[in-house]
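Asks: You'll find coords.cif just under this line, and it carries mmCIF, C-alpha atoms.
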data_work
loop_
_atom_site.label_atom_id
_atom_site.label_comp_id
_atom_site.auth_asym_id
_atom_site.auth_seq_id
_atom_site.Cartn_x
_atom_site.Cartn_y
_atom_site.Cartn_z
CA MET A 3 128.71 133.51 78.48
CA ASP A 4 125.82 134.40 80.77
CA PHE A 5 124.01 131.35 82.12
CA GLU A 6 121.76 133.33 84.46
CA LEU A 7 118.04 133.47 83.80
CA THR A 8 116.54 136.94 83.53
CA GLN A 9 114.44 138.22 86.39
CA ASP A 10 111.30 137.73 84.30
CA GLN A 11 112.27 134.12 83.62
CA GLN A 12 112.97 133.51 87.30
CA ASP A 13 109.61 135.04 88.21
CA LEU A 14 107.95 132.78 85.60
CA ARG A 15 109.52 129.69 87.14
CA THR A 16 108.41 130.68 90.63
CA ALA A 17 104.83 131.39 89.59
CA VAL A 18 104.52 128.16 87.61
CA ARG A 19 106.15 126.14 90.39
CA ASP A 20 103.73 127.48 93.00
CA LEU A 21 100.68 126.78 90.85
CA ALA A 22 101.82 123.34 89.69
CA ARG A 23 102.72 122.16 93.18
CA SER A 24 99.25 123.02 94.43
CA PHE A 25 98.28 119.79 92.63
CA GLY A 26 100.05 117.10 94.62
CA ASP A 27 101.23 113.59 93.85
CA ASP A 28 98.01 112.01 95.08
CA TYR A 29 96.02 114.12 92.62
CA TRP A 30 98.11 112.86 89.71
CA ALA A 31 98.10 109.27 90.91
CA GLN A 32 94.30 109.34 90.98
CA ARG A 33 94.00 110.93 87.53
CA ASP A 34 96.41 108.36 86.12
CA GLU A 35 94.72 105.38 87.76
CA ARG A 36 91.23 106.47 86.71
CA GLY A 37 92.25 107.65 83.23
CA GLU A 38 90.69 111.05 83.89
CA PHE A 39 91.77 114.20 82.09
CA PRO A 40 92.98 116.73 84.72
CA TRP A 41 90.46 119.44 83.91
CA ASP A 42 90.87 121.45 87.11
CA PHE A 43 94.66 121.54 86.59
CA TYR A 44 94.24 122.54 82.94
CA ASN A 45 91.68 125.22 83.79
CA ALA A 46 93.89 126.64 86.54
CA PHE A 47 96.71 127.13 84.04
CA ALA A 48 94.29 128.53 81.47
CA ASP A 49 92.91 131.02 83.99
CA ALA A 50 96.45 132.07 84.88
CA GLY A 51 97.18 132.78 81.21
CA TRP A 52 99.94 130.22 80.74
CA LEU A 53 98.52 128.22 77.83
CA GLY A 54 99.26 130.84 75.20
CA ILE A 55 102.78 131.52 76.41
CA ALA A 56 104.31 131.26 72.90
CA ILE A 57 101.32 132.58 70.91
CA PRO A 58 101.82 136.14 69.57
CA GLU A 59 100.42 138.91 71.75
CA GLU A 60 98.17 140.18 68.97
CA TYR A 61 96.18 136.95 69.31
CA GLY A 62 95.95 137.06 73.09
CA GLY A 63 99.10 135.08 73.86
CA GLY A 64 102.18 135.84 75.88
CA GLY A 65 104.44 136.37 72.89
CA LEU A 66 107.33 134.64 74.65
CA GLY A 67 109.88 132.21 73.25
CA ILE A 68 110.56 128.50 73.45
CA THR A 69 112.96 129.20 76.31
CA GLU A 70 110.13 130.47 78.50
CA ALA A 71 107.79 127.72 77.31
CA SER A 72 110.47 125.16 78.20
CA LEU A 73 110.80 126.57 81.70
CA LEU A 74 107.01 126.29 82.02
CA VAL A 75 106.81 122.59 81.16
CA GLU A 76 109.95 121.72 83.12
CA GLU A 77 108.45 123.17 86.29
CA ILE A 78 105.16 121.38 85.65
CA ALA A 79 106.94 118.04 85.21
CA ALA A 80 109.16 118.66 88.25
CA SER A 81 106.10 119.29 90.43
CA GLY A 82 105.21 115.59 90.14
CA ALA A 83 102.70 116.19 87.35
CA GLY A 84 105.10 114.62 84.85
CA MET A 85 103.81 113.90 81.37
CA ASN A 86 100.22 113.76 82.61
CA GLY A 87 100.46 117.48 83.34
CA CYS A 88 102.62 118.61 80.45
CA SER A 89 100.68 116.74 77.78
CA THR A 90 97.57 118.76 78.51
CA MET A 91 99.21 121.86 77.05
CA HIS A 92 102.46 121.28 75.16
CA LEU A 93 100.60 120.58 71.91
CA THR A 94 99.20 124.10 72.09
CA ILE A 95 102.76 125.42 72.30
CA PHE A 96 104.47 123.58 69.45
CA GLY A 97 101.57 122.09 67.49
CA LEU A 98 100.12 125.47 66.60
CA ASN A 99 103.48 126.88 65.54
CA THR A 100 102.61 125.86 61.98
CA ILE A 101 99.49 128.03 62.09
CA VAL A 102 101.40 130.95 63.61
CA LYS A 103 103.92 130.82 60.77
CA HIS A 104 101.95 129.51 57.81
CA GLY A 105 98.24 129.82 58.52
CA SER A 106 96.13 132.38 56.70
CA PRO A 107 95.26 135.59 58.59
CA GLU A 108 91.68 134.32 58.86
CA LEU A 109 92.81 130.97 60.29
CA ARG A 110 95.11 132.64 62.80
CA ARG A 111 92.33 134.96 63.98
CA GLU A 112 89.96 132.03 64.32
CA ILE A 113 92.26 129.60 66.13
CA LEU A 114 94.97 131.35 68.12
CA PRO A 115 92.90 133.45 70.56
CA ARG A 116 90.88 130.39 71.60
CA ALA A 117 94.05 128.34 72.01
CA ALA A 118 95.58 131.08 74.13
CA ASP A 119 92.63 131.28 76.53
CA GLY A 120 92.35 127.48 76.80
CA SER A 121 88.90 127.11 75.23
CA LEU A 122 90.24 125.29 72.15
CA HIS A 123 91.94 121.91 72.35
CA VAL A 124 93.99 120.82 69.34
CA CYS A 125 95.83 117.54 68.72
CA PHE A 126 98.60 116.72 66.26
CA GLY A 127 98.20 113.92 63.67
CA VAL A 128 101.43 112.65 62.13
CA THR A 129 102.26 109.05 63.13
CA GLU A 130 100.73 106.12 61.25
CA PRO A 131 100.71 102.34 61.87
CA ASP A 132 102.94 101.61 58.85
CA ALA A 133 104.94 104.83 58.61
CA GLY A 134 106.24 105.53 62.11
CA THR A 135 109.17 107.93 62.02
CA ASP A 136 109.39 107.89 58.21
CA THR A 137 106.78 110.56 57.67
CA THR A 138 107.36 110.61 53.90
CA ARG A 139 105.72 107.17 53.69
CA ILE A 140 102.41 108.12 55.27
CA SER A 141 99.41 106.67 53.47
CA THR A 142 96.74 109.10 54.67
CA THR A 143 95.67 110.90 51.51
CA ALA A 144 93.96 114.18 50.70
CA ARG A 145 92.43 114.24 47.22
CA ARG A 146 91.13 117.50 45.80
CA GLU A 147 87.47 117.54 44.74
CA GLY A 148 86.41 120.99 43.65
CA THR A 149 86.51 123.33 46.63
CA ASP A 150 87.00 120.42 49.06
CA TYR A 151 89.47 117.66 49.89
CA LEU A 152 88.55 114.04 50.57
CA ILE A 153 90.74 112.52 53.31
CA ASN A 154 91.28 108.78 53.88
CA GLY A 155 93.71 106.95 56.12
CA ARG A 156 94.74 106.19 59.72
CA LYS A 157 96.78 107.86 62.44
CA VAL A 158 98.00 106.36 65.72
CA TRP A 159 99.28 107.63 69.07
CA ILE A 160 97.37 110.86 68.73
CA THR A 161 97.58 112.52 72.13
CA LYS A 162 94.45 114.15 73.55
CA ALA A 163 92.35 113.48 70.44
CA GLY A 164 89.28 112.55 72.48
CA ASP A 165 89.42 115.87 74.34
CA SER A 166 90.23 117.96 71.25
CA GLU A 167 88.02 119.91 68.88
CA LYS A 168 90.48 119.96 65.97
CA ILE A 169 93.50 118.09 64.63
CA VAL A 170 96.53 119.43 62.77
CA LEU A 171 96.81 116.67 60.16
CA ILE A 172 99.62 115.83 57.74
CA THR A 173 98.50 114.04 54.57
CA ARG A 174 99.87 113.05 51.20
CA SER A 175 98.19 115.09 48.48
CA THR A 176 100.44 113.82 45.67
CA PRO A 177 101.64 110.19 45.52
CA ARG A 178 105.23 109.66 46.65
CA ASP A 179 106.27 108.19 43.30
CA GLU A 180 105.05 111.30 41.47
CA VAL A 181 107.17 113.90 43.26
CA ALA A 182 110.80 114.94 42.83
CA LYS A 183 111.62 114.52 46.53
CA PRO A 184 109.88 112.25 49.06
CA THR A 185 109.14 115.28 51.25
CA ASP A 186 107.22 116.97 48.43
CA GLY A 187 103.51 116.44 47.81
CA MET A 188 102.42 116.51 51.47
CA SER A 189 99.76 118.90 52.73
CA LEU A 190 98.79 120.09 56.19
CA PHE A 191 95.18 120.59 57.33
CA LEU A 192 93.32 121.76 60.40
CA VAL A 193 90.33 119.41 60.58
CA ASP A 194 87.27 119.45 62.85
CA LEU A 195 87.16 116.12 64.70
CA ASP A 196 83.36 116.00 64.63
CA THR A 197 83.40 115.82 60.82
CA PRO A 198 81.50 112.77 59.49
CA GLY A 199 83.79 109.83 58.68
CA ILE A 200 86.18 110.25 61.62
CA GLU A 201 86.36 107.45 64.20
CA LEU A 202 88.46 107.57 67.39
CA SER A 203 89.62 104.56 69.42
CA PRO A 204 91.65 104.95 72.66
CA ILE A 205 94.86 102.89 72.96
CA PRO A 206 95.44 101.12 76.32
CA LYS A 207 98.99 101.92 77.40
CA LEU A 208 101.64 101.68 80.11
CA GLY A 209 101.64 105.21 81.46
CA ARG A 210 100.46 108.82 81.20
CA ASN A 211 96.93 107.54 81.44
CA ALA A 212 95.32 110.84 82.47
CA VAL A 213 95.87 111.99 78.89
CA ALA A 214 94.67 109.34 76.48
CA SER A 215 96.23 108.39 73.13
CA TYR A 216 94.09 107.39 70.17
CA GLU A 217 93.98 105.68 66.82
CA ILE A 218 91.98 107.77 64.34
CA VAL A 219 90.41 106.46 61.13
CA PHE A 220 89.49 108.86 58.31
CA ASP A 221 86.92 107.41 55.91
CA ASP A 222 86.00 109.77 53.05
CA VAL A 223 86.26 112.79 55.34
CA ARG A 224 85.32 115.90 53.39
CA VAL A 225 87.01 119.14 54.44
CA PRO A 226 86.99 122.55 52.73
CA ALA A 227 90.14 123.79 51.03
CA THR A 228 90.12 126.67 53.51
CA ALA A 229 91.12 124.10 56.17
CA ARG A 230 94.48 123.64 54.46
CA ILE A 231 97.42 125.30 56.22
CA GLY A 232 99.62 127.10 53.70
CA GLU A 233 100.20 125.87 50.15
CA GLU A 234 99.34 122.43 48.85
CA GLY A 235 102.34 120.10 48.73
CA LYS A 236 104.47 122.03 51.22
CA GLY A 237 103.11 120.50 54.40
CA PHE A 238 106.29 118.65 55.34
CA ARG A 239 108.26 121.89 55.24
CA TYR A 240 105.68 123.50 57.52
CA LEU A 241 105.75 120.48 59.80
CA LEU A 242 109.45 121.03 60.44
CA ASP A 243 108.65 124.31 62.18
CA GLY A 244 107.11 122.27 64.97
CA LEU A 245 109.69 119.49 65.24
CA ASN A 246 112.62 121.32 66.84
CA PRO A 247 110.42 123.13 69.39
CA GLU A 248 108.78 119.79 70.19
CA ARG A 249 112.14 118.16 70.89
CA ILE A 250 113.25 121.09 73.03
CA LEU A 251 110.05 121.16 75.07
CA LEU A 252 109.98 117.42 75.71
CA ALA A 253 113.66 117.48 76.64
CA HIS A 254 112.77 119.90 79.43
CA GLU A 255 109.86 117.70 80.48
CA ALA A 256 112.28 114.80 80.83
CA LEU A 257 114.48 117.01 82.99
CA GLY A 258 111.52 117.86 85.18
CA ILE A 259 110.53 114.24 85.71
CA GLY A 260 114.14 113.39 86.54
CA ARG A 261 114.28 116.22 89.08
CA ALA A 262 111.02 115.07 90.70
CA ALA A 263 112.29 111.49 90.96
CA LEU A 264 115.65 112.58 92.35
CA GLU A 265 113.94 114.76 94.95
CA LYS A 266 111.85 111.82 96.16
CA ALA A 267 114.81 109.44 96.19
CA THR A 268 117.08 111.83 98.07
CA ALA A 269 114.45 112.47 100.73
CA TYR A 270 113.85 108.74 101.15
CA ALA A 271 117.59 108.00 101.33
CA GLY A 272 117.95 110.53 104.14
CA GLU A 273 114.99 109.20 106.13
CA ARG A 274 115.07 105.44 105.64
CA VAL A 275 117.14 103.76 108.38
CA VAL A 276 118.55 100.26 107.88
CA PHE A 277 121.29 98.70 110.05
CA ASP A 278 121.05 101.71 112.40
CA ARG A 279 121.93 104.33 109.75
CA PRO A 280 120.19 106.19 106.94
CA ILE A 281 120.65 104.35 103.66
CA GLY A 282 121.90 107.58 102.08
CA GLN A 283 125.04 107.21 104.17
CA ASN A 284 125.98 104.22 102.04
CA GLN A 285 127.97 105.06 98.93
CA GLY A 286 126.12 102.39 96.98
CA VAL A 287 122.96 104.48 97.44
CA ALA A 288 124.45 107.98 97.50
CA PHE A 289 126.76 107.79 94.49
CA PRO A 290 124.10 106.85 91.89
CA LEU A 291 121.97 109.73 93.11
CA ALA A 292 124.90 112.12 92.85
CA GLU A 293 125.61 110.88 89.33
CA SER A 294 121.96 111.34 88.38
CA LEU A 295 122.14 114.96 89.51
CA MET A 296 125.24 115.62 87.44
CA ARG A 297 123.74 114.02 84.35
CA LEU A 298 120.58 116.12 84.72
CA ASP A 299 122.64 119.28 85.13
CA ALA A 300 124.75 118.52 82.07
CA ALA A 301 121.71 117.69 79.92
CA GLU A 302 120.03 120.88 81.07
CA LEU A 303 122.83 122.99 79.59
CA VAL A 304 122.34 121.42 76.15
CA ALA A 305 118.57 121.90 76.39
CA ARG A 306 118.93 125.56 77.37
CA GLN A 307 121.32 126.14 74.47
CA ALA A 308 118.88 124.54 72.04
CA ALA A 309 116.04 126.77 73.26
CA TRP A 310 118.23 129.87 73.06
CA ARG A 311 119.34 129.10 69.53
CA TYR A 312 115.75 128.54 68.39
CA ASP A 313 114.64 131.84 69.90
CA GLN A 314 117.56 133.61 68.22
CA GLY A 315 116.54 132.24 64.84
CA LEU A 316 119.73 130.16 64.58
CA PRO A 317 120.00 126.60 63.23
CA CYS A 318 119.32 124.24 66.13
CA GLY A 319 118.70 120.76 64.69
CA ARG A 320 121.91 119.44 66.24
CA GLU A 321 121.18 120.99 69.63
CA ALA A 322 117.46 120.13 69.72
CA ASN A 323 118.09 116.48 68.91
CA SER A 324 121.03 116.27 71.32
CA ALA A 325 118.91 117.81 74.08
CA LYS A 326 116.10 115.35 73.50
CA PHE A 327 118.52 112.38 73.60
CA LEU A 328 120.53 113.48 76.65
CA CYS A 329 117.57 114.71 78.71
CA ALA A 330 115.51 111.60 78.00
CA ASP A 331 118.37 109.38 79.15
CA ALA A 332 119.16 111.52 82.20
CA GLY A 333 115.51 111.71 83.24
CA PHE A 334 114.90 108.00 82.82
CA THR A 335 118.11 107.08 84.67
CA ALA A 336 117.09 109.30 87.59
CA ALA A 337 113.60 107.76 87.69
CA ASP A 338 115.03 104.25 87.53
CA GLN A 339 117.48 105.03 90.33
CA ALA A 340 114.64 106.47 92.40
CA ILE A 341 112.91 103.09 92.30
CA GLN A 342 116.17 101.33 93.18
CA THR A 343 116.74 103.68 96.11
CA HIS A 344 113.30 102.90 97.49
CA GLY A 345 113.95 99.17 97.16
CA GLY A 346 110.79 97.09 97.12
CA MET A 347 108.73 100.13 98.12
CA GLY A 348 109.73 101.77 94.88
CA TYR A 349 107.41 99.33 93.16
CA ALA A 350 104.51 100.48 95.35
CA LYS A 351 102.23 103.18 93.99
CA GLU A 352 102.09 105.07 97.30
CA TYR A 353 105.63 106.40 96.80
CA HIS A 354 104.89 107.68 93.26
CA VAL A 355 108.33 106.93 91.80
CA GLU A 356 106.91 104.04 89.78
CA ARG A 357 104.67 106.59 88.02
CA TYR A 358 107.66 108.83 87.31
CA PHE A 359 109.46 105.78 85.91
CA ARG A 360 106.58 104.90 83.58
CA GLU A 361 106.31 108.46 82.32
CA ALA A 362 110.05 108.99 81.94
CA ARG A 363 110.17 105.88 79.74
CA ILE A 364 107.90 107.54 77.17
CA LEU A 365 110.50 110.18 76.44
CA ARG A 366 113.02 107.68 75.13
CA LEU A 367 110.44 106.82 72.45
CA ALA A 368 108.68 110.09 71.75
CA PRO A 369 108.60 112.41 69.96
CA VAL A 370 111.42 110.55 68.21
CA SER A 371 113.31 107.46 69.35
CA GLN A 372 116.84 107.64 70.69
CA GLU A 373 118.02 105.60 67.70
CA MET A 374 116.59 108.09 65.21
CA VAL A 375 118.36 110.92 67.01
CA LEU A 376 121.62 109.01 66.58
CA ASN A 377 120.78 108.59 62.90
CA TYR A 378 120.28 112.35 62.60
CA ILE A 379 123.53 113.23 64.34
CA SER A 380 125.49 110.60 62.38
CA GLN A 381 124.22 111.82 59.02
CA HIS A 382 123.57 115.54 59.38
CA VAL A 383 126.28 116.51 61.88
CA LEU A 384 129.09 114.01 61.32
CA GLY A 385 128.42 113.68 57.61
CA LEU A 386 128.35 109.88 57.59
CA PRO A 387 126.35 107.95 54.96
CA LYS A 388 122.65 107.58 55.61
CA SER A 389 121.98 104.25 57.33
CA TYR A 390 118.33 103.76 56.45
#
Mind turning the file's structure into structure tokens?
Replies:
Amino acid sequence: MDFELTQDQQDLRTAVRDLARSFGDDYWAQRDERGEFPWDFYNAFADAGWLGIAIPEEYGGGGLGITEASLLVEEIAASGAGMNGCSTMHLTIFGLNTIVKHGSPELRREILPRAADGSLHVCFGVTEPDAGTDTTRISTTARREGTDYLINGRKVWITKAGDSEKIVLITRSTPRDEVAKPTDGMSLFLVDLDTPGIELSPIPKLGRNAVASYEIVFDDVRVPATARIGEEGKGFRYLLDGLNPERILLAHEALGIGRAALEKATAYAGERVVFDRPIGQNQGVAFPLAESLMRLDAAELVARQAAWRYDQGLPCGREANSAKFLCADAGFTAADQAIQTHGGMGYAKEYHVERYFREARILRLAPVSQEMVLNYISQHVLGLPKSY
């Protein structure tokens, strides 16, 4: 086994690290507190050509794999940007995978070059108030009317919708009780968000406030059939092409946040003197930090394997879900321990670890909860009966 990154991958990490760290903790604290999208950060990465890292070269992208994209977002998160930084661009990486694989040639030519150069923002519409993780029970419908579709329904927790031009939207085009399998009869669309009948409402939330989340209502929204991605009724199958990359990317983001928190905590433990000695000299402080490092390192190996398997075209559901679970836990534990290491000052915004903590917590919920990962592994890997 060769665990070494290639020279190109090492160069990628260095370049991304240098650019990301030019936006310091104070920058991100201000964006988060004010709820401001980090446009100068986003534009800097667009100008450097990083946004289209996984888009095919023929459409102006980098043509690289999920491994390289994962290294990109991990370095961004580790710079202190956390989810506020990564969420500006990771939807472009995995959300457009469905268009890369299943979009018409015309749709690919229209969308992918603009996504690669950063001029097009796209969000991803799956989750609903009453469906949650059970995507087969979505109630947003697309009914065919001549050359158009009429879309009605609601979506929630749609990241970056207010700053996006289009949404990749999963709908039910055939009622669930009229199809052979629950995953049949679902269709995927790329919809302009300025279409009449669409209403956006931001959702106040705990963290990652520089990138807003929205509820979206679709009321008799008319879209042309040309906006459909692939064949009618096969949208869920297309959706799956984005799920494993999403888990792999967000696993690496969790790693990055954990690394940022551990870096802060270790520095503080070495500098903070209590009872005439640095607190890092005490095993009660040092040992949890050492354990956090080991857990991050172990989770990283699973995440790297998942990315490698995806890029090799190998089955990776087991590895992608395991990576998401282990990295989310390792990142959150490191962020929590960073607050504990800082003591009362860990609760103060000036030390930034409370922001890491709030953003690390997201990753135990999204893009899929820890409990649903355990359901997947229990059923699809261990072969146990389905529990839900």
Asks: Identify, on the basis of all atoms listed in the file, every residue whose closest approach to Ala83 (chain A) does not exceed 12 Å; exclude the query and any residue fewer than 4 positions from it along the same chain; express the result as a PyMOL selection string.
Replies: chain A and resi 19+21-34+40+43-44+75-79+87-90+210-213+255-256+258-263+354-355+357-358+361-362
Asks: Which residues would end up in the selection if the PyMOL selection byres ((chain A and resi 218-226) around 9) were applied here, given that I need the answer as a ChimeraX atom specification?
Replies: /A:127,142,149-160,163,191,193-194,197-204,216-217,227-230
Asks: From the set A:Leu257, A:Leu252, A:Gly120, A:Gly346, which residue has the shortest atom-to-atom contact distance to Asp49 (chain A), counting all atoms listed in the file?
Replies: A:Gly120
Asks: List the neighbours of Arg111 (chain A) out to 12 Å using only C-alpha atoms; skip same-chain residues closer than 4 positions along the sequence, and give me the result as a list of chain:residue names.
Replies: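 Neighbouring residues, sequence-local ones excluded: A:Ile57, A:Pro58, A:Glu59, A:Glu60, A:Tyr61, A:Gly62, A:Gly63, A:Ile101, A:Val102, A:Gly105, A:Ser106, A:Pro107, A:Pro115, A:Arg116, A:Ala117, A:Ala118.
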Asks: Atoms to include: C-alpha atoms. Write the selected residues as a CSV table (one decimal), in the frame of the given file.
Replies:
chain,number,residue,atom,x,y,z
A,57,ILE,CA,101.3,132.6,70.9
A,58,PRO,CA,101.8,136.1,69.6
A,59,GLU,CA,100.4,138.9,71.8
A,60,GLU,CA,98.2,140.2,69.0
A,61,TYR,CA,96.2,137.0,69.3
A,62,GLY,CA,96.0,137.1,73.1
A,63,GLY,CA,99.1,135.1,73.9
A,101,ILE,CA,99.5,128.0,62.1
A,102,VAL,CA,101.4,131.0,63.6
A,105,GLY,CA,98.2,129.8,58.5
A,106,SER,CA,96.1,132.4,56.7
A,107,PRO,CA,95.3,135.6,58.6
A,115,PRO,CA,92.9,133.4,70.6
A,116,ARG,CA,90.9,130.4,71.6
A,117,ALA,CA,94.0,128.3,72.0
A,118,ALA,CA,95.6,131.1,74.1
Asks: Identify the residues within 12 Å of coordinate (108.3, 109.9, 58.1) (same frame as the file), considering only C-alpha atoms, and give the answer as a list in words.
Replies: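 Taken together, the residues in range are Val128, Thr129, Glu130, Pro131, Asp132, Ala133, Gly134, Thr135, Asp136, Thr137, Thr138, Arg139, Ile140, Ser141, Ile172, Thr173, Arg174, Arg178, Pro184, Thr185, Met188, Phe238, Leu241, Leu242, Val370, Met374 and Tyr390 of chain A.
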Asks: Any chance you could resolve the PyMOL selection byres ((chain A and resi 11) around 12) against this file and give the residues as a list in words?
Replies: Glu6, Leu7, Thr8, Gln9, Asp10, Gln12, Asp13, Leu14, Arg15, Thr16, Ala17, Val18, Leu66, Gly67, Ile68, Thr69, Glu70, Ala71, Ser72, Leu73, Leu74 and Glu77 of chain A
Asks: I'd like to see the residues matched by the PyMOL selection byres ((chain A and resi 286-302) around 8) on this file, and ideally I'd get them as a list in words.
Replies: His254, Leu257, Gly260, Arg261, Leu264, Ala267, Thr268, Ala271, Ile281, Gly282, Gln283, Asn284, Gln285, Leu303, Val304, Ala305, Arg306, Ala325, Leu328, Cys329, Ala332, Gly333, Thr335, Ala336, Gln339 and Thr343 of chain A
Asks: Please measure the separation of CA of Lys103 (chain A) and CA of Ile231 (chain A), giving the value in Å to one decimal.
Replies: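 One can read the CA of Lys103 (chain A) to CA of Ile231 (chain A) distance as 9.7 Å.
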Asks: Taking into account only C-alpha atoms, which residue in the set A:Ala330, A:Ala340, A:Met3, A:Ala309 is nearest to Ser371 (chain A)?
Replies: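 Looking at the shortest contact to Ser371 (chain A), the residue is A:Ala330.
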